[in-house]
>>> print(open('run.cif').read())   # mmCIF, C-alpha atoms
data_query
#
loop_
_atom_site.label_atom_id
_atom_site.label_comp_id
_atom_site.auth_asym_id
_atom_site.auth_seq_id
_atom_site.Cartn_x
_atom_site.Cartn_y
_atom_site.Cartn_z
CA MET A 1 11.15 -7.52 27.76
CA ARG A 2 8.07 -6.26 25.99
CA ARG A 3 9.47 -2.74 25.98
CA LEU A 4 12.78 -3.97 24.61
CA LEU A 5 10.99 -5.90 21.89
CA LEU A 6 8.98 -2.83 20.98
CA ALA A 7 12.11 -0.69 20.85
CA LEU A 8 13.72 -3.30 18.60
CA ALA A 9 10.62 -3.36 16.43
CA LEU A 10 10.75 0.39 15.97
CA VAL A 11 14.36 0.15 14.83
CA ALA A 12 13.56 -2.76 12.55
CA ALA A 13 10.34 -1.34 11.15
CA PRO A 14 11.76 0.42 8.07
CA VAL A 15 13.79 -2.63 7.16
CA TRP A 16 10.89 -5.08 7.53
CA ALA A 17 12.15 -8.49 6.60
CA ASP A 18 11.80 -11.01 3.87
CA SER A 19 10.04 -14.33 3.94
CA ASP A 20 11.94 -17.47 2.99
CA LEU A 21 9.29 -18.54 0.50
CA PRO A 22 10.58 -18.79 -3.09
CA PRO A 23 9.30 -16.18 -5.58
CA ALA A 24 5.88 -16.83 -7.11
CA PRO A 25 6.12 -18.95 -10.28
CA LEU A 26 5.56 -16.09 -12.74
CA ALA A 27 7.50 -13.41 -10.82
CA ASP A 28 10.72 -13.95 -12.76
CA THR A 29 9.59 -16.22 -15.58
CA GLN A 30 8.53 -14.85 -18.92
CA LEU A 31 5.24 -15.82 -20.50
CA PRO A 32 5.61 -18.31 -23.38
CA ASP A 33 3.77 -16.00 -25.80
CA PRO A 34 6.22 -13.15 -26.70
CA LYS A 35 3.37 -10.76 -27.53
CA GLN A 36 1.76 -11.28 -24.12
CA GLU A 37 5.14 -11.01 -22.39
CA ALA A 38 5.79 -7.68 -24.15
CA GLU A 39 2.39 -6.42 -22.97
CA ALA A 40 3.10 -7.55 -19.40
CA GLN A 41 6.59 -6.02 -19.48
CA ALA A 42 5.28 -2.67 -20.75
CA LEU A 43 2.70 -2.61 -17.95
CA MET A 44 5.16 -3.67 -15.23
CA GLU A 45 7.52 -0.84 -16.20
CA THR A 46 4.79 1.70 -15.41
CA ILE A 47 3.56 0.21 -12.12
CA ARG A 48 5.27 1.58 -9.04
CA CYS A 49 6.63 -0.76 -6.39
CA LEU A 50 4.95 -0.31 -3.00
CA VAL A 51 8.11 -1.26 -1.10
CA CYS A 52 10.98 0.32 -3.06
CA GLN A 53 8.95 3.35 -3.85
CA GLY A 54 11.21 4.88 -6.49
CA GLN A 55 11.27 1.78 -8.66
CA SER A 56 8.87 0.12 -11.04
CA ILE A 57 7.83 -3.43 -10.22
CA ALA A 58 9.84 -4.55 -13.26
CA ASP A 59 13.04 -3.26 -11.59
CA SER A 60 12.37 -3.93 -7.92
CA ASN A 61 13.70 -6.95 -6.05
CA ALA A 62 11.12 -6.61 -3.26
CA GLU A 63 9.01 -9.71 -2.67
CA LEU A 64 5.78 -7.78 -3.05
CA ALA A 65 7.01 -6.51 -6.42
CA GLY A 66 7.66 -10.13 -7.43
CA ASP A 67 4.13 -11.06 -6.41
CA MET A 68 2.81 -8.06 -8.36
CA ARG A 69 4.72 -9.19 -11.47
CA ALA A 70 3.29 -12.68 -11.04
CA MET A 71 -0.21 -11.18 -10.75
CA VAL A 72 0.29 -9.05 -13.89
CA ARG A 73 1.58 -12.03 -15.94
CA GLN A 74 -1.22 -14.31 -14.71
CA ARG A 75 -3.87 -11.81 -15.69
CA ILE A 76 -2.30 -11.02 -19.07
CA ALA A 77 -2.05 -14.77 -19.76
CA ALA A 78 -5.74 -15.08 -18.84
CA GLY A 79 -6.51 -12.50 -21.52
CA GLU A 80 -7.06 -9.44 -19.37
CA LYS A 81 -6.22 -6.03 -20.90
CA PRO A 82 -3.27 -4.09 -19.37
CA GLN A 83 -5.51 -1.07 -18.81
CA ALA A 84 -7.91 -3.18 -16.73
CA ILE A 85 -5.05 -4.46 -14.56
CA ARG A 86 -3.78 -0.92 -14.08
CA ALA A 87 -7.29 0.20 -13.11
CA TRP A 88 -7.53 -2.69 -10.61
CA LEU A 89 -4.33 -1.54 -8.92
CA VAL A 90 -5.30 2.15 -8.99
CA ARG A 91 -8.63 1.24 -7.36
CA ARG A 92 -6.64 -0.26 -4.46
CA TYR A 93 -3.62 2.00 -4.10
CA GLY A 94 -4.67 5.23 -5.83
CA SER A 95 -2.93 6.85 -8.82
CA TRP A 96 0.20 6.75 -6.68
CA VAL A 97 0.81 3.22 -7.98
CA THR A 98 0.96 4.14 -11.67
CA TYR A 99 3.78 5.97 -13.46
CA ASP A 100 1.21 6.97 -16.08
CA PRO A 101 -0.90 9.30 -13.96
CA PRO A 102 -4.43 10.07 -15.13
CA LEU A 103 -5.54 13.65 -15.76
CA ASP A 104 -7.38 14.70 -12.61
CA GLY A 105 -7.76 17.53 -10.09
CA VAL A 106 -4.21 17.11 -8.80
CA THR A 107 -2.31 16.43 -12.01
CA TRP A 108 -3.94 18.90 -14.46
CA LEU A 109 -1.12 21.39 -13.81
CA LEU A 110 1.40 18.93 -15.32
CA TRP A 111 -0.38 19.18 -18.65
CA ALA A 112 -1.36 22.83 -18.33
CA ALA A 113 2.07 24.08 -17.26
CA PRO A 114 3.75 24.06 -20.74
CA ILE A 115 0.84 25.99 -22.28
CA LEU A 116 0.87 28.36 -19.31
CA PHE A 117 4.62 28.99 -19.65
CA VAL A 118 4.36 29.64 -23.42
CA ALA A 119 1.56 32.11 -22.72
CA ILE A 120 3.67 33.91 -20.08
CA GLY A 121 6.64 33.91 -22.49
CA LEU A 122 4.57 35.42 -25.28
CA PHE A 123 3.25 38.07 -22.93
CA VAL A 124 6.75 39.00 -21.71
CA ALA A 125 8.15 39.01 -25.25
CA ARG A 126 5.31 41.16 -26.50
CA SER A 127 5.75 43.77 -23.80
CA SER A 128 9.53 43.95 -24.25
CA PHE A 129 9.23 44.27 -28.04
CA ARG A 130 6.72 47.04 -27.55
CA ARG A 131 9.18 48.84 -25.25
CA MET A 132 11.93 48.57 -27.89
CA ARG A 133 9.78 50.25 -30.50
CA VAL A 134 9.17 53.29 -28.29
CA MET B 1 3.29 50.16 -10.16
CA LYS B 2 6.49 50.31 -12.20
CA ARG B 3 8.62 50.79 -9.09
CA TYR B 4 7.28 47.65 -7.46
CA GLY B 5 7.19 45.67 -10.70
CA LYS B 6 10.95 45.15 -10.79
CA TRP B 7 10.78 43.31 -7.45
CA ALA B 8 8.28 40.80 -8.79
CA PRO B 9 10.91 38.26 -9.98
CA LEU B 10 12.62 38.37 -6.58
CA VAL B 11 9.31 37.82 -4.79
CA VAL B 12 8.47 34.91 -7.11
CA PHE B 13 11.96 33.48 -6.54
CA ILE B 14 11.62 33.72 -2.74
CA LEU B 15 8.14 32.16 -2.80
CA LEU B 16 9.30 29.32 -5.03
CA GLY B 17 12.44 28.84 -2.92
CA SER B 18 10.41 28.63 0.30
CA ALA B 19 7.92 26.20 -1.22
CA LEU B 20 10.71 23.91 -2.44
CA THR B 21 12.62 24.11 0.86
CA TYR B 22 9.42 23.26 2.72
CA GLY B 23 8.81 20.31 0.41
CA LEU B 24 12.34 19.01 1.01
CA ALA B 25 12.29 19.55 4.77
CA LYS B 26 8.86 18.12 5.58
CA PRO B 27 9.06 14.46 6.59
CA ASP B 28 8.29 12.12 3.75
CA THR B 29 5.29 9.88 4.32
CA THR B 30 5.90 6.55 2.69
CA ASN B 31 2.68 4.95 3.88
CA ILE B 32 0.33 4.10 1.05
CA ARG B 33 -3.19 4.06 2.45
CA SER B 34 -5.65 1.61 0.99
CA LYS B 35 -8.30 3.12 -1.27
CA MET B 36 -10.58 0.22 -0.35
CA ILE B 37 -11.81 1.94 2.84
CA GLY B 38 -15.60 2.07 2.57
CA ALA B 39 -15.73 -0.76 0.03
CA SER B 40 -16.59 -4.39 0.65
CA VAL B 41 -13.83 -6.89 1.34
CA PRO B 42 -12.84 -8.33 -2.07
CA SER B 43 -13.98 -11.89 -2.50
CA PHE B 44 -11.33 -14.48 -1.56
CA THR B 45 -10.91 -17.95 -0.10
CA LEU B 46 -7.63 -18.80 1.59
CA PRO B 47 -6.57 -22.24 2.85
CA PRO B 48 -5.54 -22.71 6.51
CA ALA B 49 -2.11 -21.22 7.18
CA THR B 50 -1.15 -23.55 9.99
CA ALA B 51 -2.35 -26.72 11.70
CA GLY B 52 -5.19 -26.34 14.22
CA LEU B 53 -6.73 -23.13 12.84
CA PRO B 54 -9.23 -22.77 9.99
CA GLY B 55 -8.48 -20.81 6.82
CA LEU B 56 -10.21 -17.56 5.96
CA ALA B 57 -12.71 -16.57 3.29
CA SER B 58 -14.32 -13.20 2.60
CA SER B 59 -17.70 -14.79 3.46
CA ASP B 60 -16.43 -15.32 7.05
CA LEU B 61 -16.26 -11.52 7.34
CA ALA B 62 -19.91 -10.87 6.43
CA THR B 63 -21.64 -12.83 9.17
CA GLY B 64 -23.19 -9.88 10.97
CA GLN B 65 -20.31 -9.61 13.40
CA PRO B 66 -17.51 -7.01 13.04
CA HIS B 67 -13.91 -8.26 12.86
CA LEU B 68 -10.37 -7.04 13.13
CA LEU B 69 -8.44 -8.40 10.15
CA ASN B 70 -4.69 -8.51 10.75
CA ILE B 71 -2.30 -8.96 7.82
CA PHE B 72 0.96 -10.29 9.19
CA ALA B 73 3.72 -12.88 8.81
CA SER B 74 5.90 -14.93 11.12
CA TRP B 75 9.03 -13.50 9.43
CA CYS B 76 8.06 -9.93 10.28
CA VAL B 77 9.63 -8.50 13.43
CA PRO B 78 7.07 -5.73 14.15
CA CYS B 79 4.35 -8.41 13.89
CA ALA B 80 5.87 -10.17 16.90
CA ALA B 81 5.94 -6.86 18.74
CA GLU B 82 2.23 -6.24 18.14
CA ALA B 83 1.20 -9.79 19.17
CA PRO B 84 0.51 -8.88 22.85
CA GLN B 85 -1.73 -6.02 21.69
CA LEU B 86 -3.67 -8.35 19.37
CA LYS B 87 -4.08 -10.74 22.26
CA ALA B 88 -5.44 -7.92 24.45
CA ILE B 89 -7.88 -6.94 21.69
CA ALA B 90 -9.06 -10.55 21.32
CA GLU B 91 -9.45 -10.85 25.10
CA ALA B 92 -11.64 -7.73 25.05
CA GLY B 93 -14.11 -9.75 22.95
CA VAL B 94 -13.14 -8.66 19.45
CA PRO B 95 -12.95 -11.47 16.87
CA VAL B 96 -9.46 -11.23 15.38
CA VAL B 97 -8.73 -13.04 12.13
CA GLY B 98 -5.48 -13.11 10.21
CA ILE B 99 -3.96 -13.34 6.77
CA ALA B 100 -0.42 -14.71 6.82
CA VAL B 101 1.59 -13.38 3.89
CA ARG B 102 4.19 -15.66 2.25
CA ASP B 103 4.44 -17.86 5.32
CA ARG B 104 5.23 -21.50 6.07
CA PRO B 105 2.90 -23.55 8.32
CA GLU B 106 5.75 -24.69 10.66
CA ALA B 107 7.20 -21.18 10.97
CA LEU B 108 3.76 -19.75 11.67
CA GLY B 109 3.09 -22.46 14.29
CA ARG B 110 6.32 -21.56 16.08
CA PHE B 111 5.44 -17.85 15.86
CA LEU B 112 2.03 -18.44 17.49
CA ALA B 113 3.52 -20.67 20.19
CA ARG B 114 6.12 -18.04 21.02
CA ASN B 115 4.00 -14.88 20.80
CA GLY B 116 0.56 -16.16 21.73
CA ASN B 117 -2.40 -16.74 19.44
CA ALA B 118 -5.06 -14.05 19.15
CA PHE B 119 -6.54 -15.47 15.94
CA ARG B 120 -9.75 -17.39 15.31
CA ALA B 121 -8.71 -18.16 11.76
CA ILE B 122 -5.66 -17.53 9.59
CA GLY B 123 -5.64 -17.74 5.81
CA ALA B 124 -2.44 -18.46 3.90
CA ASP B 125 -1.71 -15.80 1.26
CA ASP B 126 1.34 -17.36 -0.37
CA ALA B 127 1.64 -14.92 -3.27
CA SER B 128 0.33 -11.75 -1.55
CA GLN B 129 -2.72 -11.80 -3.84
CA VAL B 130 -5.30 -11.05 -1.13
CA GLN B 131 -2.97 -8.52 0.45
CA MET B 132 -2.94 -6.67 -2.88
CA ALA B 133 -6.70 -7.02 -3.31
CA MET B 134 -7.12 -5.30 0.08
CA GLY B 135 -4.84 -2.43 -0.96
CA SER B 136 -2.32 -3.35 1.72
CA SER B 137 1.33 -2.65 0.99
CA GLY B 138 3.16 -4.28 3.86
CA VAL B 139 3.04 -6.18 7.13
CA PRO B 140 1.71 -5.67 9.70
CA GLU B 141 -1.48 -3.92 8.73
CA SER B 142 -4.92 -4.22 10.30
CA PHE B 143 -8.38 -3.51 8.94
CA VAL B 144 -11.59 -2.89 10.88
CA ILE B 145 -14.38 -4.77 9.06
CA ASP B 146 -18.06 -4.27 9.90
CA GLY B 147 -20.69 -7.02 10.15
CA LYS B 148 -21.59 -6.71 6.45
CA GLY B 149 -17.98 -7.18 5.36
CA ARG B 150 -17.28 -3.52 4.64
CA ILE B 151 -13.77 -2.14 5.29
CA LEU B 152 -14.07 0.73 7.77
CA SER B 153 -10.48 1.68 8.56
CA GLN B 154 -6.87 0.66 8.22
CA VAL B 155 -3.95 0.66 10.64
CA ILE B 156 -0.54 0.69 8.93
CA GLY B 157 2.33 -0.71 10.99
CA PRO B 158 2.24 -2.43 14.37
CA ILE B 159 -0.59 -1.81 16.82
CA ASN B 160 0.92 -0.09 19.86
CA PRO B 161 -0.34 -0.52 23.45
CA GLN B 162 -1.93 2.95 23.36
CA ASP B 163 -3.95 2.00 20.24
CA VAL B 164 -5.69 -1.01 21.84
CA ALA B 165 -8.61 0.76 23.53
CA GLY B 166 -9.41 2.82 20.43
CA LEU B 167 -9.38 -0.21 18.14
CA VAL B 168 -11.57 -2.27 20.48
CA ALA B 169 -14.06 0.60 20.56
CA ALA B 170 -13.90 0.98 16.76
CA VAL B 171 -14.64 -2.70 16.12
CA LYS B 172 -17.40 -2.83 18.73
CA ALA B 173 -19.02 0.28 17.24
CA ALA B 174 -19.01 -1.35 13.79
CA ARG B 175 -22.19 -3.39 13.82
#
>>> encode(input="run.cif", output="structure tokens")
Amino acid sequence: MRRLLLALALVAAPVWADSDLPPAPLADTQLPDPKQEAEAQALMETIRCLVCQGQSIADSNAELAGDMRAMVRQRIAAGEKPQAIRAWLVRRYGSWVTYDPPLDGVTWLLWAAPILFVAIGLFVARSSFRRMRV
Amino acid sequence: MKRYGKWAPLVVFILLGSALTYGLAKPDTTNIRSKMIGASVPSFTLPPATAGLPGLASSDLATGQPHLLNIFASWCVPCAAEAPQLKAIAEAGVPVVGIAVRDRPEALGRFLARNGNAFRAIGADDASQVQMAMGSSGVPESFVIDGKGRILSQVIGPINPQDVAGLVAAVKAAR
């Protein structure tokens, strides 16, 4: 029985399940102040859902995403800055959780690549022009 | 030099092709590990999740005794599968405490009656707030907490029978 249950659990693991608790109050309800709601919305669109990992928490229907939206709206309503909320999440989940990755040891290439490619292009162009002249 | 130079683009292409193929073929890890390992348990106070068991506060985890903190829910199937392992860990003398995510007291009571109760205390985390504060991204997950309330390690997914001995040793080593 235990083995069967375990086998079932392994099959079910990627699906998980959902609770039957209703969404948190602020998960799908806008803040009364439109300026605050716009701030919250802008932040939620750049926070990655931990369950549906290709979606932002603004788009995801996962329960955890709903709870994350509620958390973001609560904190914005309490006057916290979006950057502070993002930093709080990054502290817990790493830069993985933000769609606005910080410049660090892993991501520097993203910013350096365009400059690098222009430099390579200039070098190639220069050498081929020089060959034409000869 | 010039003779080999014309092969350079092909070599670059093959290298790039192999790197991309490797990236596509290697199994994708979707587990997001908590970055809170090594930090103190964030401060929280949760009400009791079901009748007959106390709730859980972060101060309960800094009493000089190490704990195994299990984040679970009665609606989660793998959590039922890991229940016998939690029971074995508790019977080995490890204090096991729980955080029930988005759960109902009656449903949790039925879950404990059916699967056995390994928990000394279970806090109700109705909006996943403490789960997020711990850097946990799903259920079940377990954290080894030392006597000072520091997070030492994280287990993502159900605890399997072969993990029991290692976890018991890890918690007992965490004074």
>>> resolve_selection(input="run.cif", expression="the PyMOL selection byres ((chain B and resi 46) around 6)", output="count of residues only")
7
>>> atom_distance(input="run.cif", atom1="atom CA of Lys6 of chain B", atom2="atom CA of Ala119 of chain A")
20.0 Å
>>> interface_residues(input="run.cif", of="chain B", to="chain A", cutoff="6 Å", atoms="only C-alpha atoms", output="ChimeraX atom specification")
/B:34-36,75-76,78,81,127,135,137
>>> closest_residue(input="run.cif", among="A:Asp28, A:Asp100, A:Glu80, A:Asp33", to="Ser60 of chain A", atoms="only C-alpha atoms")
A:Asp28
>>> atom_distance(input="run.cif", atom1="atom CA of Val41 of chain B", atom2="atom CA of Gly149 of chain B")
5.8 Å
>>> atom_distance(input="run.cif", atom1="atom CA of Pro84 of chain B", atom2="atom CA of Gly38 of chain B")
28.1 Å
>>> closest_residue(input="run.cif", among="B:Leu16, B:Val101, B:Met132, B:Ile89", to="Ile32 of chain B", atoms="all atoms listed in the file")
B:Met132
>>> resolve_selection(input="run.cif", expression="the PyMOL selection byres ((chain B and resi 159-174) around 8)", output="list in words")
Pro66, His67, Leu68, Glu82, Gln85, Leu86, Ala88, Ile89, Ala92, Val94, Val144, Ile145, Asp146, Gly147, Val155, Gly157, Pro158 and Arg175 of chain B
>>> closest_residue(input="run.cif", among="B:Ile37, B:Gly98, B:Gly138, B:Thr30", to="Leu69 of chain B", atoms="only C-alpha atoms")
B:Gly98
>>> closest_residue(input="run.cif", among="B:Val97, B:Leu108, B:Ala133, B:Ile156", to="Leu61 of chain B", atoms="all atoms listed in the file")
B:Val97
